[in-house]
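One file, target10.txt, carrying compact mmCIF, C-alpha atoms:
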# COMPACT_ATOMS: atom_id res chain seq x y z
CA MET I 59 16.71 13.77 -6.94
CA ASN I 60 16.07 16.88 -9.01
CA ALA I 61 13.36 19.41 -8.14
CA LYS I 62 10.76 17.93 -10.52
CA GLN I 63 11.32 14.41 -9.20
CA GLU I 64 11.14 15.64 -5.60
CA PHE I 65 7.89 17.49 -6.32
CA THR I 66 6.39 14.41 -8.00
CA ASN I 67 7.48 12.16 -5.15
CA ASN I 68 5.97 14.56 -2.58
CA GLN I 69 2.67 14.51 -4.47
CA ILE I 70 2.75 10.70 -4.60
CA TRP I 71 3.11 10.66 -0.82
CA VAL I 72 0.16 13.02 -0.40
CA LEU I 73 -1.95 10.61 -2.46
CA THR I 74 -0.53 7.56 -0.70
CA PHE I 75 -1.22 8.82 2.81
CA ARG I 76 -4.64 10.11 1.83
CA GLY I 77 -5.52 6.76 0.25
CA ALA I 78 -4.23 4.72 3.19
CA PHE I 79 -5.29 6.86 6.16
CA GLN I 80 -8.40 8.79 5.07
CA ARG I 81 -11.00 6.22 6.17
CA ALA I 82 -8.84 4.06 8.41
CA GLY I 83 -9.05 5.98 11.69
CA ILE I 84 -5.51 5.11 12.75
CA TYR I 85 -4.72 7.85 15.26
CA SER I 86 -5.57 8.06 18.95
CA SER I 87 -7.90 10.95 19.77
CA ASP I 88 -5.31 13.15 21.48
CA VAL I 89 -2.65 13.09 18.74
CA SER I 90 -1.40 16.47 17.57
CA ASN I 91 -0.88 17.46 13.95
CA THR I 92 2.84 17.70 14.71
CA GLN I 93 2.90 14.06 15.86
CA LYS I 94 0.99 12.99 12.75
CA THR I 95 3.43 14.86 10.52
CA GLN I 96 6.44 13.33 12.28
CA PHE I 97 4.93 9.85 11.99
CA LYS I 98 4.26 10.25 8.27
CA PHE I 99 7.74 11.67 7.67
CA LYS I 100 9.44 8.73 9.39
CA LEU I 101 7.13 6.14 7.81
CA ARG I 102 7.78 7.66 4.40
CA GLY I 103 11.54 7.35 4.96
CA PHE I 104 11.16 3.73 6.03
CA VAL I 105 9.09 2.83 2.96
CA GLU I 106 11.39 4.70 0.58
CA ASN I 107 14.41 2.86 2.00
CA LEU I 108 12.56 -0.46 1.68
CA VAL I 109 11.66 0.30 -1.94
CA GLU I 110 15.22 1.34 -2.74
CA ALA I 111 16.70 -1.77 -1.11
CA GLU I 112 14.19 -4.26 -2.55
CA TYR I 113 12.12 -3.04 -5.48
CA LEU I 114 14.64 -0.98 -7.46
CA LYS I 115 16.86 -4.03 -7.92
CA GLY I 116 14.30 -6.01 -9.91
CA ALA I 117 11.18 -8.08 -9.51
CA VAL I 118 10.30 -8.91 -5.91
CA SER I 119 8.78 -12.30 -5.16
CA GLU I 120 5.30 -12.50 -3.74
CA GLN I 121 6.63 -14.05 -0.53
CA ASN I 122 9.14 -11.23 -0.11
CA HIS I 123 6.46 -8.64 -0.86
CA LEU I 124 4.20 -10.07 1.85
CA HIS I 125 7.17 -9.95 4.22
CA ASN I 126 7.70 -6.29 3.29
CA ILE I 127 4.08 -5.44 4.10
CA LYS I 128 4.62 -7.02 7.52
CA GLU I 129 7.81 -4.94 7.87
CA VAL I 130 5.81 -1.75 7.33
CA GLN I 131 3.34 -2.95 9.95
CA SER I 132 6.15 -3.80 12.39
CA TYR I 133 7.84 -0.45 11.84
CA SER I 134 4.62 1.33 12.80
CA GLN I 135 4.88 -0.20 16.28
CA ASN I 136 7.59 2.40 16.96
CA PHE I 137 4.73 4.91 17.09
CA ASN I 138 2.39 2.85 19.27
CA SER I 139 1.57 5.81 21.54
CA ILE I 140 -0.20 7.69 18.73
CA LEU I 141 -1.88 4.78 16.93
CA ILE I 142 -5.24 3.39 18.02
CA ASN I 143 -4.17 -0.25 18.04
CA SER I 144 -0.49 0.44 18.80
CA GLU I 145 0.35 -0.28 15.14
CA LEU I 146 -1.03 -0.04 11.64
CA ASN I 147 -3.03 -3.12 10.78
CA PHE I 148 -2.14 -5.34 7.82
CA GLY I 149 -4.75 -3.72 5.55
CA VAL I 150 -3.47 -0.19 6.05
CA SER I 151 0.14 -1.38 5.77
CA GLN I 152 -0.52 -3.09 2.44
CA LYS I 153 -2.33 -0.01 1.15
CA ILE I 154 0.64 2.24 1.95
CA LEU I 155 3.23 0.00 0.33
CA ASN I 156 1.12 -1.13 -2.62
CA LEU I 157 -0.14 2.37 -3.45
CA TYR I 158 3.35 3.86 -3.32
CA LEU I 159 4.67 1.02 -5.50
CA LYS I 160 1.86 1.47 -8.00
CA HIS I 161 2.73 5.14 -8.49
CA GLN I 162 6.46 4.41 -8.79
CA TRP I 163 5.81 1.64 -11.31
CA CYS I 164 3.45 3.77 -13.42
CA LEU I 165 6.17 6.43 -13.57
CA GLY I 166 8.68 3.79 -14.74
CA ARG I 167 10.85 4.11 -11.64
CA ILE I 168 10.56 0.50 -10.48
CA PRO I 169 9.77 -2.88 -12.06
CA GLU I 170 6.19 -4.09 -11.88
CA PRO I 171 5.08 -4.81 -8.30
CA PRO I 172 3.65 -8.23 -7.45
CA HIS I 173 0.35 -6.91 -6.04
CA PHE I 174 -1.90 -3.85 -6.11
CA PRO I 175 -3.48 -1.48 -3.57
CA MET I 176 -6.37 -3.44 -2.15
CA ASP I 177 -9.52 -1.57 -1.24
CA ARG I 178 -13.29 -1.86 -1.48
CA ILE I 179 -13.49 -0.57 -5.06
CA ILE I 180 -11.15 -3.19 -6.51
CA GLN I 181 -12.86 -5.96 -4.54
CA ILE I 182 -16.23 -4.94 -5.98
CA LYS I 183 -14.78 -4.89 -9.50
CA LEU I 184 -13.29 -8.34 -8.91
CA GLY I 185 -16.64 -9.66 -7.69
CA CYS I 186 -15.32 -10.60 -4.25
CA ASN I 187 -17.87 -12.01 -1.85
CA PRO I 188 -17.67 -11.14 0.94
CA ILE I 189 -16.00 -7.74 0.61
CA VAL I 190 -13.16 -7.50 3.14
CA ASN I 191 -12.96 -4.18 4.98
CA TRP I 192 -9.32 -3.42 4.20
CA THR I 193 -9.16 -0.68 6.87
CA LYS I 194 -9.87 -3.35 9.50
CA MET I 195 -7.91 -6.21 7.90
CA THR I 196 -5.62 -7.89 10.40
CA ASP I 197 -5.41 -11.31 8.79
CA ILE I 198 -3.05 -12.01 5.90
CA ASN I 199 -5.41 -14.81 4.84
CA GLN I 200 -8.12 -12.22 4.07
CA TYR I 201 -5.64 -10.37 1.89
CA ASN I 202 -4.53 -13.57 0.17
CA SER I 203 -8.14 -14.51 -0.61
CA VAL I 204 -8.55 -11.29 -2.60
CA ILE I 205 -5.20 -11.87 -4.33
CA LYS I 206 -6.40 -15.37 -5.28
CA LYS I 207 -9.62 -13.92 -6.72
CA ALA I 208 -7.57 -11.37 -8.68
CA ARG I 209 -5.37 -14.15 -10.10
CA GLU I 210 -8.46 -16.02 -11.27
CA GLU I 211 -9.82 -12.87 -12.92
CA ALA I 212 -6.48 -12.09 -14.57
CA THR I 213 -6.35 -15.62 -16.03
CA LYS I 214 -9.94 -15.32 -17.24
CA GLN I 215 -9.14 -12.02 -18.98
CA GLY I 216 -5.78 -13.18 -20.35
CA ILE I 217 -3.83 -10.61 -18.33
CA LYS I 218 -0.43 -11.76 -17.14
CA SER I 219 -0.05 -9.69 -13.97
CA LEU I 220 -2.09 -8.54 -11.00
CA ALA I 221 -0.77 -4.99 -11.28
CA GLU I 222 -1.91 -4.75 -14.91
CA LEU I 223 -5.30 -6.22 -14.02
CA GLU I 224 -5.82 -3.65 -11.27
CA LEU I 225 -4.94 -0.78 -13.61
CA LYS I 226 -7.43 -2.06 -16.15
CA LEU I 227 -10.19 -2.53 -13.58
CA TYR I 228 -9.46 0.72 -11.75
CA ASN I 229 -9.48 2.78 -14.95
CA HIS I 230 -12.86 1.45 -16.07

Using structure tokens, write down the structure from this file.
Amino acid sequence: MNAKQEFTNNQIWVLTFRGAFQRAGIYSSDVSNTQKTQFKFKLRGFVENLVEAEYLKGAVSEQNHLHNIKEVQSYSQNFNSILINSELNFGVSQKILNLYLKHQWCLGRIPEPPHFPMDRIIQIKLGCNPIVNWTKMTDINQYNSVIKKAREEATKQGIKSLAELELKLYNH
């Protein structure tokens, strides 16, 4: 990676961690900044390896993508002593992976991802009812219900992919 690519990737990770952790309250109260930095560094490496192994090769199936979100969640269990619930929940795990993928895709580094970063804003724009608190989401069925709603909206608007739909909705 050249210096410009490394800088851009570092900035993407700043945005990704801010977007995934800012409101999620993931850390135990006695966690030091050093522990948080080490956790983010190792999680970043895990996600980057996952993206390189899976998403750089071509389109990833929805089933495989859901499995990869669970892999991020499972990996976080290695840091159970610093995390409130001994792991990242499904909602935070999807936000990390989906947000990182969105940035990589928009930069043309990977093929289009199967999903999008799910949060309150996109659920409101999709007209979801009820709104699922993604920072507390532990159930994959809650996630899938929003994905289903997004598919319906994409069809209604004549948009072929969920990632494209999210960009359109997020930018408006």

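Nearest-residue note for Ile84 (chain I): choosing from I:Ser132, I:Gln162, I:Asn122, I:Thr193, the minimum distance belongs to I:Thr193, counting only C-alpha atoms.
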
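Once region 165-182 of chain I and its same-chain neighbours fewer than 6 positions away are set aside, Tyr113, Leu114, Gly116, Ala117, Val118, Ser119, Glu120, His123, Gly149, Gln152, Lys153, Ile154, Leu155, Asn156, Leu157, Leu159, Ile189, Val190, Asn191, Trp192, Val204, Ile205, Ser219, Leu220, Ala221, Glu224, Leu227 and Tyr228 of chain I remain within 8 Å of it when counting all atoms listed in the file.
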
Dump C-alpha atoms for the selected residues as an mmCIF file, keeping the file's coordinate frame?
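Output contents, as saved in selection.cif:
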data_model
loop_
_atom_site.group_PDB
_atom_site.id
_atom_site.type_symbol
_atom_site.label_atom_id
_atom_site.label_comp_id
_atom_site.auth_asym_id
_atom_site.auth_seq_id
_atom_site.Cartn_x
_atom_site.Cartn_y
_atom_site.Cartn_z
ATOM 1 C CA TYR I 113 12.120 -3.040 -5.480
ATOM 2 C CA LEU I 114 14.640 -0.980 -7.460
ATOM 3 C CA GLY I 116 14.300 -6.010 -9.910
ATOM 4 C CA ALA I 117 11.180 -8.080 -9.510
ATOM 5 C CA VAL I 118 10.300 -8.910 -5.910
ATOM 6 C CA SER I 119 8.780 -12.300 -5.160
ATOM 7 C CA GLU I 120 5.300 -12.500 -3.740
ATOM 8 C CA HIS I 123 6.460 -8.640 -0.860
ATOM 9 C CA GLY I 149 -4.750 -3.720 5.550
ATOM 10 C CA GLN I 152 -0.520 -3.090 2.440
ATOM 11 C CA LYS I 153 -2.330 -0.010 1.150
ATOM 12 C CA ILE I 154 0.640 2.240 1.950
ATOM 13 C CA LEU I 155 3.230 0.000 0.330
ATOM 14 C CA ASN I 156 1.120 -1.130 -2.620
ATOM 15 C CA LEU I 157 -0.140 2.370 -3.450
ATOM 16 C CA LEU I 159 4.670 1.020 -5.500
ATOM 17 C CA ILE I 189 -16.000 -7.740 0.610
ATOM 18 C CA VAL I 190 -13.160 -7.500 3.140
ATOM 19 C CA ASN I 191 -12.960 -4.180 4.980
ATOM 20 C CA TRP I 192 -9.320 -3.420 4.200
ATOM 21 C CA VAL I 204 -8.550 -11.290 -2.600
ATOM 22 C CA ILE I 205 -5.200 -11.870 -4.330
ATOM 23 C CA SER I 219 -0.050 -9.690 -13.970
ATOM 24 C CA LEU I 220 -2.090 -8.540 -11.000
ATOM 25 C CA ALA I 221 -0.770 -4.990 -11.280
ATOM 26 C CA GLU I 224 -5.820 -3.650 -11.270
ATOM 27 C CA LEU I 227 -10.190 -2.530 -13.580
ATOM 28 C CA TYR I 228 -9.460 0.720 -11.750
#

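When CA of Gln131 (chain I) is paired with CA of Asn147 (chain I), their separation reads 6.4 Å.
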
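Shortest atom-to-atom contact with Val130 (chain I) among I:Glu64, I:Asp88, I:Glu110, I:Glu145: I:Glu145, counting only C-alpha atoms.
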
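From CA of Glu211 (chain I) back to CA of Leu184 (chain I), the distance works out to 7.0 Å.
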
Separation of CA of Lys218 (chain I) from CA of Gly185 (chain I) in Å: 18.9 Å

Excluding Gln121 (chain I) and any residue of its chain fewer than 5 positions from it, enumerate the residues within 12 Å of it, using only C-alpha atoms, and give them as a PDB file with C-alpha atoms, keeping the file's coordinate frame.
ATOM      1  CA  ASN I 126       7.700  -6.290   3.290  1.00  0.00           C
ATOM      2  CA  ILE I 127       4.080  -5.440   4.100  1.00  0.00           C
ATOM      3  CA  LYS I 128       4.620  -7.020   7.520  1.00  0.00           C
ATOM      4  CA  PRO I 172       3.650  -8.230  -7.450  1.00  0.00           C
ATOM      5  CA  HIS I 173       0.350  -6.910  -6.040  1.00  0.00           C
ATOM      6  CA  ILE I 198      -3.050 -12.010   5.900  1.00  0.00           C
ATOM      7  CA  ASN I 202      -4.530 -13.570   0.170  1.00  0.00           C
TER       8      ASN I 202
END

Exercise: Leu146 (chain I) partners within 8 Å, only C-alpha atoms, chain neighbours under 4 positions left out, as a short mmCIF file (atom, residue, chain, number, x, y, z; two decimals) with C-alpha atoms, keeping the file's coordinate frame:
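Generated file (selection.cif):
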data_model
loop_
_atom_site.label_atom_id
_atom_site.label_comp_id
_atom_site.auth_asym_id
_atom_site.auth_seq_id
_atom_site.Cartn_x
_atom_site.Cartn_y
_atom_site.Cartn_z
CA ILE I 84 -5.51 5.11 12.75
CA GLN I 131 3.34 -2.95 9.95
CA SER I 134 4.62 1.33 12.80
CA GLN I 135 4.88 -0.20 16.28
CA LEU I 141 -1.88 4.78 16.93
CA VAL I 150 -3.47 -0.19 6.05
CA SER I 151 0.14 -1.38 5.77
#

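Shortest separation to Arg102 (chain I) among I:Leu124, I:Ala212, I:Ala82, I:Val72 occurs at residue I:Val72, atoms counted being all atoms listed in the file.
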
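With distances restricted to all atoms listed in the file, I:Gly83 is the closest residue to Asn143 (chain I) from I:His125, I:Thr92, I:Lys98, I:Gly83.
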